[in-house]
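Q: There's a structure below that I have some questions on.
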Amino acid sequence: MREIIRAWGLTALLAGLLLAPAGVMAGVEKPVLERGKGERCVEDTEYMRRYHMQLLKHHRDDTMRRGIRTTKHSLKGCVECHASSKTGSVASSKEDFCMACHVYASVKLDCWDCHATKPMKKTTPAAMPRLSPLTVGLPGGQQP
Amino acid sequence: MSDLQQKPVNEERRTLLKAGAVATGTALAPGVLLFGAAQARAPEEPASDKVRWGMIIDVNKCADGCNDCVTACNEENGLSGATGPQDSQWIRKLNIRHLKTGVETSLPMLCVHCEHPPCVDVCPTGASMKRADGIVLVDRHICIGCRYCMMACPYKARSFVHEPLTDQNPEVPRGKGCVESCTFCVQKVDRGENTTACVEACNAAGHKAMIFGDMNDPTSEIAQILKTQKTTEIRADLGLNTGVRYQGI
Ligand code: SF4
Ligand code: SF4
């Protein structure tokens, strides 16, 4: 008899566990993200959601260790496009682009211990797009 | 950018490179030479081992009391400028006195970007690294802050970041728990500027005590000086083949 009670108890417990997430989810708002400044993201949104860290990690090694400075998958590019119109940053408030999802998913971010969360100030020449100085003066004044 | 779009650019680049190669060392006016115009590389091109960045510092031209190179470095790389035992200093002004003659010299000291860097030898994680073009860097993504490299460096060139930082320069990420040192302004070098903040400041102050360039490019000013004048490596006895050389010590 005791076995039967225990089995029933276990089933009830399991059922409760399975149902619980749905109940909890109902109480938590999905993050609402501000639209980026650019026309469209460098990759599809679905892809970025799942793989942005792989892209960033690959790019960080290329840039840091080999000196490759393409802008397509650079973190600086993400910041430039996604800095919030309110805070000017991607990670200074819970609503900012990176934090919105990361708070929702409870995944801690280390990036911003070192990297700037705000775009480069536009006045410095460094904010110019990274083109090779050799390609600047193409015939007819065209830009590559 | 697709491959299709990229091709014409690369062809254009190749012709420009050829033209640039001829144009290096062009005389602007009698006695004034324009050096190193062909060194810039495209953003997608990795740093090349054909290049070795280096610096020559003429201490006779370095003014006692002038701190412009240090200020410029702090500004460019977002350092606070504080000089306490726990503050980061990538370049320092030193005053040295000859024990016998009493002659005093003032000179800047920075990471000398060794060809055989002890900081890289001792690093347990591979964070301390030398790029193909000779620039020695710390990959903060994998630095564990053990500070072995600080002990190994004979030039006391490295600093440890003790406190959390905010408002970093977007081009110079740096943060608590990592070791750092002079990067030869790698962000400027990769932009094709072929100079560093300290050298620019020294020139702007009119002292012209520092020269930066590709030591492997025979047409560069630095290579010309290395070939024709006496330069000194600090602690040459260690055989590290430093990228920063001095004159007048
Ligand atoms: S001077 Fe010091 S930090 Fe710089 S490469 Fe040499 S050992 Fe490393
Ligand atoms: S402090 Fe960082 S860079 Fe220096 S030896 Fe340790 S892991 Fe390497």
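Here's how to read the names in the structure tokens: chain A, B, ... by the order shown, residue numbers from 1 in each chain, ligand numbers from 1 in the order shown.
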Using only C-alpha atoms, determine which residues lie at most 8 Å from Ala47 of chain B, disregarding the query and same-chain residues fewer than 5 positions distant; provide the list as a VMD selection string.

A: (chain A and resid 66 to 68) or (chain B and resid 131 to 133)

Q: Neighbours of ligand 1 within 8 Å, counting only C-alpha atoms and all ligand atoms, as an MDAnalysis selection string?

A: chainID B and resid 110:120 128 130 135:137 149:150 152:158 181:182 240 242

Q: Which residues are near Arg40 of chain A? Cut-off 12 Å, only C-alpha atoms, ignore same chain within fewer than 6 positions. Put them as a count of residues only.

A: 4

Q: Applying 8 Å and only C-alpha atoms, which residues near segment 94-106 of chain A remain after dropping the ones on its own chain fewer than 2 positions away? List them as a short mmCIF file (atom, residue, chain, number, x, y, z; two decimals) with C-alpha atoms, in the first residue's frame.

A:
```
data_model
loop_
_atom_site.label_atom_id
_atom_site.label_comp_id
_atom_site.auth_asym_id
_atom_site.auth_seq_id
_atom_site.Cartn_x
_atom_site.Cartn_y
_atom_site.Cartn_z
CA LYS A 30 9.24 38.46 -22.98
CA PRO A 31 12.01 41.02 -23.51
CA VAL A 32 11.08 43.89 -25.79
CA LEU A 33 14.00 45.02 -27.90
CA GLU A 34 14.54 48.37 -29.50
CA HIS A 82 22.07 48.60 -30.92
CA ALA A 83 22.98 51.28 -28.38
CA SER A 84 19.72 52.35 -26.72
CA THR A 87 20.85 55.33 -22.30
CA SER A 89 24.44 52.01 -24.24
CA VAL A 90 23.81 48.30 -24.92
CA ALA A 91 24.17 47.24 -21.31
CA SER A 92 23.71 50.02 -18.78
CA LYS A 108 25.76 36.67 -17.00
CA LEU A 109 27.81 38.78 -19.41
#
```

Q: For a test of reading the model, state the distance in Å between atom CA of Glu39 of chain A and atom CA of Ser93 of chain A, rounded to one decimal.

A: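 These two atoms are separated by 24.3 Å.
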
Q: As a PyMOL selection string, could you give me every residue of chain B near chain A (at most 8 Å apart, counting only C-alpha atoms)?

A: chain B and resi 6+9+12-13+16-17+40-47+129+131-132+139+164-170+172-176+190-192

Q: What would the file look like if the residues just selected were written as an mmCIF file, in the first residue's frame with N, CA and C atoms?

A:
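The result, stored in result-v6.cif:
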```cif
data_model
loop_
_atom_site.group_PDB
_atom_site.id
_atom_site.type_symbol
_atom_site.label_atom_id
_atom_site.label_comp_id
_atom_site.auth_asym_id
_atom_site.auth_seq_id
_atom_site.Cartn_x
_atom_site.Cartn_y
_atom_site.Cartn_z
ATOM 1 N N GLN B 6 34.287 42.114 -54.270
ATOM 2 C CA GLN B 6 35.595 42.393 -53.701
ATOM 3 C C GLN B 6 36.722 42.393 -54.723
ATOM 4 N N VAL B 9 38.252 45.563 -56.242
ATOM 5 C CA VAL B 9 38.945 46.340 -55.212
ATOM 6 C C VAL B 9 40.354 45.808 -55.022
ATOM 7 N N GLU B 12 42.551 46.662 -57.845
ATOM 8 C CA GLU B 12 42.890 48.077 -57.706
ATOM 9 C C GLU B 12 44.014 48.224 -56.691
ATOM 10 N N ARG B 13 43.864 47.476 -55.588
ATOM 11 C CA ARG B 13 44.822 47.548 -54.498
ATOM 12 C C ARG B 13 46.199 47.099 -54.959
ATOM 13 N N LEU B 16 47.779 49.706 -56.942
ATOM 14 C CA LEU B 16 48.173 50.806 -56.067
ATOM 15 C C LEU B 16 49.409 50.430 -55.268
ATOM 16 N N LEU B 17 49.432 49.142 -54.818
ATOM 17 C CA LEU B 17 50.585 48.685 -54.047
ATOM 18 C C LEU B 17 51.855 48.789 -54.871
ATOM 19 N N ALA B 40 50.336 50.064 -45.593
ATOM 20 C CA ALA B 40 48.970 49.840 -45.127
ATOM 21 C C ALA B 40 48.418 48.537 -45.690
ATOM 22 N N ARG B 41 47.577 47.872 -44.879
ATOM 23 C CA ARG B 41 46.968 46.644 -45.389
ATOM 24 C C ARG B 41 45.458 46.744 -45.271
ATOM 25 N N ALA B 42 44.766 45.936 -46.068
ATOM 26 C CA ALA B 42 43.300 45.955 -46.073
ATOM 27 C C ALA B 42 42.780 45.343 -44.774
ATOM 28 N N PRO B 43 41.549 45.714 -44.351
ATOM 29 C CA PRO B 43 41.014 45.212 -43.084
ATOM 30 C C PRO B 43 40.944 43.689 -43.020
ATOM 31 N N GLU B 44 40.730 43.034 -44.173
ATOM 32 C CA GLU B 44 40.582 41.577 -44.135
ATOM 33 C C GLU B 44 41.923 40.847 -44.175
ATOM 34 N N GLU B 45 42.992 41.618 -44.311
ATOM 35 C CA GLU B 45 44.317 41.023 -44.413
ATOM 36 C C GLU B 45 44.936 40.888 -43.024
ATOM 37 N N PRO B 46 45.424 39.696 -42.649
ATOM 38 C CA PRO B 46 46.043 39.574 -41.326
ATOM 39 C C PRO B 46 47.401 40.284 -41.272
ATOM 40 N N ALA B 47 47.871 40.565 -40.064
ATOM 41 C CA ALA B 47 49.199 41.145 -39.887
ATOM 42 C C ALA B 47 50.225 40.196 -40.488
ATOM 43 N N MET B 129 51.047 37.137 -26.035
ATOM 44 C CA MET B 129 51.332 36.640 -27.380
ATOM 45 C C MET B 129 52.038 37.679 -28.241
ATOM 46 N N ARG B 131 52.219 39.059 -32.072
ATOM 47 C CA ARG B 131 51.558 39.030 -33.364
ATOM 48 C C ARG B 131 52.593 38.846 -34.466
ATOM 49 N N ALA B 132 52.139 38.429 -35.641
ATOM 50 C CA ALA B 132 53.059 38.148 -36.746
ATOM 51 C C ALA B 132 53.977 39.337 -37.042
ATOM 52 N N ASP B 139 46.084 38.846 -24.762
ATOM 53 C CA ASP B 139 44.715 38.502 -25.135
ATOM 54 C C ASP B 139 43.917 38.402 -23.838
ATOM 55 N N PRO B 164 37.753 47.639 -11.045
ATOM 56 C CA PRO B 164 36.867 47.653 -12.216
ATOM 57 C C PRO B 164 36.990 48.975 -12.974
ATOM 58 N N LEU B 165 36.904 48.909 -14.283
ATOM 59 C CA LEU B 165 36.996 50.122 -15.104
ATOM 60 C C LEU B 165 35.662 50.370 -15.794
ATOM 61 N N THR B 166 35.407 51.632 -16.093
ATOM 62 C CA THR B 166 34.219 51.964 -16.887
ATOM 63 C C THR B 166 34.636 52.955 -17.967
ATOM 64 N N ASP B 167 33.768 53.152 -18.946
ATOM 65 C CA ASP B 167 33.998 54.129 -20.007
ATOM 66 C C ASP B 167 35.313 53.943 -20.734
ATOM 67 N N GLN B 168 35.607 52.711 -21.070
ATOM 68 C CA GLN B 168 36.824 52.453 -21.834
ATOM 69 C C GLN B 168 36.687 53.021 -23.245
ATOM 70 N N ASN B 169 37.841 53.255 -23.860
ATOM 71 C CA ASN B 169 37.851 53.621 -25.274
ATOM 72 C C ASN B 169 37.382 52.398 -26.071
ATOM 73 N N PRO B 170 36.349 52.543 -26.923
ATOM 74 C CA PRO B 170 35.845 51.386 -27.675
ATOM 75 C C PRO B 170 36.939 50.644 -28.453
ATOM 76 N N VAL B 172 40.051 50.307 -27.389
ATOM 77 C CA VAL B 172 41.049 49.751 -26.472
ATOM 78 C C VAL B 172 40.335 49.110 -25.275
ATOM 79 N N PRO B 173 39.794 47.909 -25.457
ATOM 80 C CA PRO B 173 39.108 47.258 -24.345
ATOM 81 C C PRO B 173 40.124 46.889 -23.260
ATOM 82 N N ARG B 174 39.807 47.189 -22.005
ATOM 83 C CA ARG B 174 40.682 46.812 -20.904
ATOM 84 C C ARG B 174 39.849 46.704 -19.639
ATOM 85 N N GLY B 175 40.245 45.804 -18.743
ATOM 86 C CA GLY B 175 39.427 45.630 -17.556
ATOM 87 C C GLY B 175 40.135 44.910 -16.430
ATOM 88 N N LYS B 176 39.451 44.877 -15.315
ATOM 89 C CA LYS B 176 39.980 44.330 -14.068
ATOM 90 C C LYS B 176 40.390 42.864 -14.223
ATOM 91 N N ASP B 190 46.787 49.279 -37.285
ATOM 92 C CA ASP B 190 45.876 48.523 -38.141
ATOM 93 C C ASP B 190 45.024 49.437 -39.019
ATOM 94 N N ARG B 191 44.915 50.685 -38.625
ATOM 95 C CA ARG B 191 44.189 51.640 -39.458
ATOM 96 C C ARG B 191 45.094 52.179 -40.565
ATOM 97 N N GLY B 192 46.359 51.786 -40.519
ATOM 98 C CA GLY B 192 47.292 52.190 -41.557
ATOM 99 C C GLY B 192 47.971 53.512 -41.261
#
```

Q: At a cut-off of 6 Å around ligand 2, and using only C-alpha atoms and all ligand atoms, what residues come up? Please write them as an NGL selection string.

A: :B and (122-125 or 127-128 or 138 or 143-149 or 178-179)

Q: Quick one: pick out all alpha helix (DSSP H) residues within segment 89-223 of chain B from a backbone DSSP run and write them as a PyMOL selection string.

A: chain B and resi 118-122+148-152+186-190+197-204+221-223

Q: Write a file of the selected residues as an mmCIF file, in the first residue's frame, keeping N, CA, C and O atoms.

A:
```cif
data_model
loop_
_atom_site.group_PDB
_atom_site.id
_atom_site.type_symbol
_atom_site.label_atom_id
_atom_site.label_comp_id
_atom_site.auth_asym_id
_atom_site.auth_seq_id
_atom_site.Cartn_x
_atom_site.Cartn_y
_atom_site.Cartn_z
ATOM 1 N N PRO B 118 60.093 37.150 -23.058
ATOM 2 C CA PRO B 118 59.967 36.277 -21.881
ATOM 3 C C PRO B 118 58.536 36.234 -21.362
ATOM 4 O O PRO B 118 58.099 35.213 -20.836
ATOM 5 N N CYS B 119 57.785 37.332 -21.540
ATOM 6 C CA CYS B 119 56.403 37.364 -21.069
ATOM 7 C C CYS B 119 55.564 36.321 -21.788
ATOM 8 O O CYS B 119 54.643 35.742 -21.219
ATOM 9 N N VAL B 120 55.887 36.059 -23.040
ATOM 10 C CA VAL B 120 55.156 35.054 -23.811
ATOM 11 C C VAL B 120 55.601 33.651 -23.386
ATOM 12 O O VAL B 120 54.784 32.743 -23.244
ATOM 13 N N ASP B 121 56.910 33.500 -23.142
ATOM 14 C CA ASP B 121 57.436 32.198 -22.714
ATOM 15 C C ASP B 121 56.750 31.683 -21.458
ATOM 16 O O ASP B 121 56.434 30.514 -21.359
ATOM 17 N N VAL B 122 56.541 32.575 -20.486
ATOM 18 C CA VAL B 122 56.078 32.098 -19.185
ATOM 19 C C VAL B 122 54.567 31.995 -19.073
ATOM 20 O O VAL B 122 54.052 31.362 -18.163
ATOM 21 N N TYR B 148 52.504 36.165 -13.992
ATOM 22 C CA TYR B 148 53.838 35.608 -14.274
ATOM 23 C C TYR B 148 54.591 36.515 -15.228
ATOM 24 O O TYR B 148 55.782 36.736 -15.098
ATOM 25 N N CYS B 149 53.864 37.014 -16.235
ATOM 26 C CA CYS B 149 54.512 37.818 -17.275
ATOM 27 C C CYS B 149 55.114 39.095 -16.696
ATOM 28 O O CYS B 149 56.156 39.562 -17.155
ATOM 29 N N MET B 150 54.458 39.631 -15.660
ATOM 30 C CA MET B 150 54.997 40.851 -15.046
ATOM 31 C C MET B 150 56.332 40.560 -14.385
ATOM 32 O O MET B 150 57.248 41.384 -14.395
ATOM 33 N N MET B 151 56.433 39.372 -13.786
ATOM 34 C CA MET B 151 57.695 38.980 -13.151
ATOM 35 C C MET B 151 58.763 38.711 -14.198
ATOM 36 O O MET B 151 59.933 38.964 -13.983
ATOM 37 N N ALA B 152 58.351 38.174 -15.348
ATOM 38 C CA ALA B 152 59.326 37.750 -16.354
ATOM 39 C C ALA B 152 59.878 38.912 -17.159
ATOM 40 O O ALA B 152 60.992 38.846 -17.665
ATOM 41 N N VAL B 186 48.200 49.517 -31.472
ATOM 42 C CA VAL B 186 47.833 48.570 -32.527
ATOM 43 C C VAL B 186 46.593 49.015 -33.303
ATOM 44 O O VAL B 186 46.459 48.738 -34.501
ATOM 45 N N GLN B 187 45.703 49.755 -32.627
ATOM 46 C CA GLN B 187 44.500 50.238 -33.323
ATOM 47 C C GLN B 187 44.864 51.258 -34.391
ATOM 48 O O GLN B 187 44.251 51.312 -35.463
ATOM 49 N N LYS B 188 45.890 52.054 -34.133
ATOM 50 C CA LYS B 188 46.337 53.030 -35.133
ATOM 51 C C LYS B 188 47.115 52.320 -36.253
ATOM 52 O O LYS B 188 46.928 52.617 -37.432
ATOM 53 N N VAL B 189 47.964 51.391 -35.853
ATOM 54 C CA VAL B 189 48.753 50.659 -36.847
ATOM 55 C C VAL B 189 47.831 49.931 -37.813
ATOM 56 O O VAL B 189 48.013 49.981 -39.036
ATOM 57 N N ASP B 190 46.787 49.279 -37.285
ATOM 58 C CA ASP B 190 45.876 48.523 -38.141
ATOM 59 C C ASP B 190 45.024 49.437 -39.019
ATOM 60 O O ASP B 190 44.464 49.003 -40.017
ATOM 61 N N ALA B 197 50.694 57.087 -30.688
ATOM 62 C CA ALA B 197 50.304 58.344 -30.043
ATOM 63 C C ALA B 197 51.515 59.062 -29.456
ATOM 64 O O ALA B 197 51.636 60.280 -29.554
ATOM 65 N N CYS B 198 52.451 58.292 -28.839
ATOM 66 C CA CYS B 198 53.606 58.921 -28.202
ATOM 67 C C CYS B 198 54.514 59.586 -29.235
ATOM 68 O O CYS B 198 55.008 60.693 -29.034
ATOM 69 N N VAL B 199 54.704 58.903 -30.363
ATOM 70 C CA VAL B 199 55.564 59.464 -31.414
ATOM 71 C C VAL B 199 54.939 60.739 -31.975
ATOM 72 O O VAL B 199 55.619 61.758 -32.157
ATOM 73 N N GLU B 200 53.630 60.694 -32.207
ATOM 74 C CA GLU B 200 52.940 61.887 -32.715
ATOM 75 C C GLU B 200 53.100 63.059 -31.758
ATOM 76 O O GLU B 200 53.356 64.189 -32.167
ATOM 77 N N ALA B 201 52.942 62.769 -30.438
ATOM 78 C CA ALA B 201 53.037 63.844 -29.442
ATOM 79 C C ALA B 201 54.447 64.414 -29.386
ATOM 80 O O ALA B 201 54.638 65.623 -29.266
ATOM 81 N N CYS B 202 55.431 63.536 -29.487
ATOM 82 C CA CYS B 202 56.824 63.986 -29.436
ATOM 83 C C CYS B 202 57.130 64.880 -30.638
ATOM 84 O O CYS B 202 57.786 65.910 -30.513
ATOM 85 N N ASN B 203 56.625 64.476 -31.795
ATOM 86 C CA ASN B 203 56.802 65.300 -32.992
ATOM 87 C C ASN B 203 56.085 66.636 -32.841
ATOM 88 O O ASN B 203 56.618 67.686 -33.187
ATOM 89 N N ALA B 204 54.849 66.575 -32.313
ATOM 90 C CA ALA B 204 54.054 67.797 -32.172
ATOM 91 C C ALA B 204 54.743 68.783 -31.229
ATOM 92 O O ALA B 204 54.654 69.992 -31.407
ATOM 93 N N GLU B 221 62.346 54.983 -42.668
ATOM 94 C CA GLU B 221 63.309 55.831 -41.964
ATOM 95 C C GLU B 221 64.014 55.038 -40.861
ATOM 96 O O GLU B 221 65.224 55.127 -40.681
ATOM 97 N N ILE B 222 63.229 54.218 -40.156
ATOM 98 C CA ILE B 222 63.805 53.473 -39.033
ATOM 99 C C ILE B 222 64.855 52.470 -39.522
ATOM 100 O O ILE B 222 65.923 52.317 -38.927
ATOM 101 N N ALA B 223 64.565 51.818 -40.655
ATOM 102 C CA ALA B 223 65.521 50.851 -41.186
ATOM 103 C C ALA B 223 66.806 51.554 -41.643
ATOM 104 O O ALA B 223 67.919 51.040 -41.461
#
```

Q: Which residues, written as a list of chain:residue names, have at least one atom at most 8 Å from segment 228-239 of chain B, with only C-alpha atoms counted and residues fewer than 3 positions away on the same chain left out?

A: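 Selected residues are B:Ile56, B:His116, B:Gln224, B:Ile225, B:Thr242, B:Val244, B:Arg245, B:Tyr246, B:Gln247, B:Gly248, B:Ile249.
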
Q: Save the residues we just selected, N, CA and C atoms, as a PDB file, in the first residue's frame?

A:
```
ATOM      1  N   ILE B  56      62.746  53.844 -32.531  1.00  0.00           N
ATOM      2  CA  ILE B  56      64.054  54.335 -32.095  1.00  0.00           C
ATOM      3  C   ILE B  56      63.829  55.598 -31.276  1.00  0.00           C
ATOM      4  N   HIS B 116      61.987  37.788 -28.846  1.00  0.00           N
ATOM      5  CA  HIS B 116      61.847  36.567 -28.049  1.00  0.00           C
ATOM      6  C   HIS B 116      61.323  36.953 -26.678  1.00  0.00           C
ATOM      7  N   GLN B 224      66.633  52.736 -42.214  1.00  0.00           N
ATOM      8  CA  GLN B 224      67.802  53.511 -42.655  1.00  0.00           C
ATOM      9  C   GLN B 224      68.697  53.858 -41.467  1.00  0.00           C
ATOM     10  N   ILE B 225      68.085  54.291 -40.378  1.00  0.00           N
ATOM     11  CA  ILE B 225      68.869  54.655 -39.197  1.00  0.00           C
ATOM     12  C   ILE B 225      69.543  53.420 -38.611  1.00  0.00           C
ATOM     13  N   THR B 242      65.225  43.416 -29.092  1.00  0.00           N
ATOM     14  CA  THR B 242      64.107  44.316 -28.801  1.00  0.00           C
ATOM     15  C   THR B 242      63.690  45.124 -30.025  1.00  0.00           C
ATOM     16  N   VAL B 244      62.302  48.144 -29.596  1.00  0.00           N
ATOM     17  CA  VAL B 244      62.578  49.537 -29.244  1.00  0.00           C
ATOM     18  C   VAL B 244      64.080  49.670 -29.001  1.00  0.00           C
ATOM     19  N   ARG B 245      64.688  50.565 -29.735  1.00  0.00           N
ATOM     20  CA  ARG B 245      66.148  50.793 -29.592  1.00  0.00           C
ATOM     21  C   ARG B 245      66.372  52.236 -29.182  1.00  0.00           C
ATOM     22  N   TYR B 246      67.501  52.485 -28.547  1.00  0.00           N
ATOM     23  CA  TYR B 246      67.816  53.837 -28.079  1.00  0.00           C
ATOM     24  C   TYR B 246      69.072  54.360 -28.754  1.00  0.00           C
ATOM     25  N   GLN B 247      69.160  55.676 -28.836  1.00  0.00           N
ATOM     26  CA  GLN B 247      70.384  56.332 -29.285  1.00  0.00           C
ATOM     27  C   GLN B 247      70.804  57.328 -28.220  1.00  0.00           C
ATOM     28  N   GLY B 248      72.098  57.421 -27.978  1.00  0.00           N
ATOM     29  CA  GLY B 248      72.588  58.409 -27.015  1.00  0.00           C
ATOM     30  C   GLY B 248      72.657  57.890 -25.592  1.00  0.00           C
ATOM     31  N   ILE B 249      72.557  56.576 -25.403  1.00  0.00           N
ATOM     32  CA  ILE B 249      72.789  56.043 -24.044  1.00  0.00           C
ATOM     33  C   ILE B 249      73.955  55.050 -24.068  1.00  0.00           C
TER      34      ILE B 249
END
```

Q: Name all residues at most 8 Å from segment 84-100 of chain B (count only C-alpha atoms; drop same-chain ones fewer than 2 positions away) and give them as a list in words.

A: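 Counting only C-alpha atoms, the residues come to Asn67, Cys69, Val70, Cys73, Leu79, Ser80, Gly81, Ala82, Gly102, Val103, Glu104, Thr105, Ser106, Leu107, Pro108, Met109, Leu110, Cys111, Ala157, Arg158, Ser159, Phe160, Val161, His162, Glu180, Ser181 and Cys182 of chain B.
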
Q: Give me, as a list of chain:residue names, the residues of segment 95-161 of chain B that a backbone DSSP run labels strand (DSSP E or B).

A: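 Listing strand (DSSP E or B) positions across segment 95-161 of chain B yields B:Asn95, B:Ile96, B:Arg97, B:Glu104, B:Thr105, B:Ser106, B:Leu107, B:Pro108, B:Met109, B:Leu110, B:Ser128, B:Met129, B:Lys130, B:Val136, B:Leu137, B:Val138, B:Ser159, B:Phe160.
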
Q: The selected residues should be written to file as a short mmCIF file (atom, residue, chain, number, x, y, z; two decimals), in the first residue's frame (atoms: N, CA, C and O atoms).

A:
```cif
data_model
loop_
_atom_site.label_atom_id
_atom_site.label_comp_id
_atom_site.auth_asym_id
_atom_site.auth_seq_id
_atom_site.Cartn_x
_atom_site.Cartn_y
_atom_site.Cartn_z
N ASN B 95 64.45 59.18 -15.30
CA ASN B 95 65.67 59.98 -15.26
C ASN B 95 66.78 59.09 -14.75
O ASN B 95 66.67 58.54 -13.65
N ILE B 96 67.80 58.92 -15.58
CA ILE B 96 68.90 58.06 -15.12
C ILE B 96 70.18 58.89 -15.00
O ILE B 96 70.40 59.84 -15.74
N ARG B 97 71.02 58.52 -14.03
CA ARG B 97 72.26 59.26 -13.80
C ARG B 97 73.42 58.28 -13.87
O ARG B 97 73.39 57.22 -13.25
N GLU B 104 73.20 63.19 -16.44
CA GLU B 104 71.80 62.79 -16.28
C GLU B 104 71.10 62.71 -17.62
O GLU B 104 71.32 63.54 -18.50
N THR B 105 70.29 61.69 -17.78
CA THR B 105 69.55 61.49 -19.03
C THR B 105 68.09 61.24 -18.70
O THR B 105 67.78 60.59 -17.72
N SER B 106 67.24 61.77 -19.57
CA SER B 106 65.80 61.56 -19.40
C SER B 106 65.32 60.74 -20.59
O SER B 106 65.65 61.04 -21.73
N LEU B 107 64.58 59.68 -20.33
CA LEU B 107 64.11 58.86 -21.46
C LEU B 107 62.79 58.18 -21.17
O LEU B 107 62.47 57.91 -20.03
N PRO B 108 62.01 57.93 -22.23
CA PRO B 108 60.78 57.15 -22.03
C PRO B 108 61.07 55.65 -22.10
O PRO B 108 61.91 55.20 -22.87
N MET B 109 60.39 54.89 -21.26
CA MET B 109 60.56 53.43 -21.21
C MET B 109 59.18 52.81 -21.42
O MET B 109 58.20 53.24 -20.81
N LEU B 110 59.12 51.84 -22.30
CA LEU B 110 57.84 51.18 -22.60
C LEU B 110 58.13 49.73 -22.92
O LEU B 110 59.28 49.30 -22.88
N SER B 128 49.51 35.94 -23.29
CA SER B 128 50.59 36.83 -23.69
C SER B 128 51.13 36.32 -25.00
O SER B 128 51.55 35.18 -25.11
N MET B 129 51.05 37.14 -26.04
CA MET B 129 51.33 36.64 -27.38
C MET B 129 52.04 37.68 -28.24
O MET B 129 51.95 38.87 -27.99
N LYS B 130 52.75 37.18 -29.25
CA LYS B 130 53.39 38.09 -30.20
C LYS B 130 52.69 37.94 -31.54
O LYS B 130 52.56 36.84 -32.06
N VAL B 136 53.72 42.77 -29.38
CA VAL B 136 53.43 41.87 -28.26
C VAL B 136 52.18 42.38 -27.53
O VAL B 136 52.10 43.54 -27.17
N LEU B 137 51.21 41.48 -27.36
CA LEU B 137 49.91 41.87 -26.80
C LEU B 137 49.48 40.88 -25.73
O LEU B 137 50.01 39.77 -25.65
N VAL B 138 48.50 41.28 -24.93
CA VAL B 138 47.84 40.34 -24.01
C VAL B 138 46.42 40.11 -24.54
O VAL B 138 45.67 41.06 -24.75
N SER B 159 51.54 46.17 -16.48
CA SER B 159 50.73 46.60 -15.34
C SER B 159 49.56 45.64 -15.19
O SER B 159 49.12 45.02 -16.16
N PHE B 160 49.06 45.57 -13.98
CA PHE B 160 47.88 44.75 -13.70
C PHE B 160 46.73 45.67 -13.34
O PHE B 160 46.91 46.62 -12.59
#
```

Q: For Cys66 of chain B, which residue among B:Ala205, B:Thr83, B:Gly243, B:Asp217 is the nearest when counting only C-alpha atoms?

A: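 Ranking B:Ala205, B:Thr83, B:Gly243, B:Asp217 by distance to Cys66 of chain B, first place goes to B:Ala205.
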
Q: Kindly indicate which residue among A:Glu29, A:His73, A:Cys41, A:Gly36 lies nearest to Met53 of chain A, using only C-alpha atoms for the distances.

A: A:His73

Q: Quick one: everything within 6 Å of Lys61 of chain B, counting only C-alpha atoms, minus sequence neighbours fewer than 3 positions away in the same chain. Send it as number ranges by chain.

A: B: 58, 207, 209

Q: Using the selection just defined, write its residues with N, CA, C and O atoms as a PDB file, in the first residue's frame.

A:
```pdb
ATOM      1  N   ASP B  58      65.804  58.692 -29.500  1.00  0.00           N
ATOM      2  CA  ASP B  58      67.068  59.416 -29.350  1.00  0.00           C
ATOM      3  C   ASP B  58      67.005  60.221 -28.055  1.00  0.00           C
ATOM      4  O   ASP B  58      66.321  61.249 -27.990  1.00  0.00           O
ATOM      5  N   HIS B 207      60.181  67.901 -30.505  1.00  0.00           N
ATOM      6  CA  HIS B 207      61.417  67.244 -30.071  1.00  0.00           C
ATOM      7  C   HIS B 207      61.894  66.196 -31.073  1.00  0.00           C
ATOM      8  O   HIS B 207      63.082  65.962 -31.219  1.00  0.00           O
ATOM      9  N   ALA B 209      62.073  63.065 -30.934  1.00  0.00           N
ATOM     10  CA  ALA B 209      63.017  62.123 -30.338  1.00  0.00           C
ATOM     11  C   ALA B 209      62.659  60.675 -30.641  1.00  0.00           C
ATOM     12  O   ALA B 209      63.475  59.775 -30.433  1.00  0.00           O
TER      13      ALA B 209
END
```
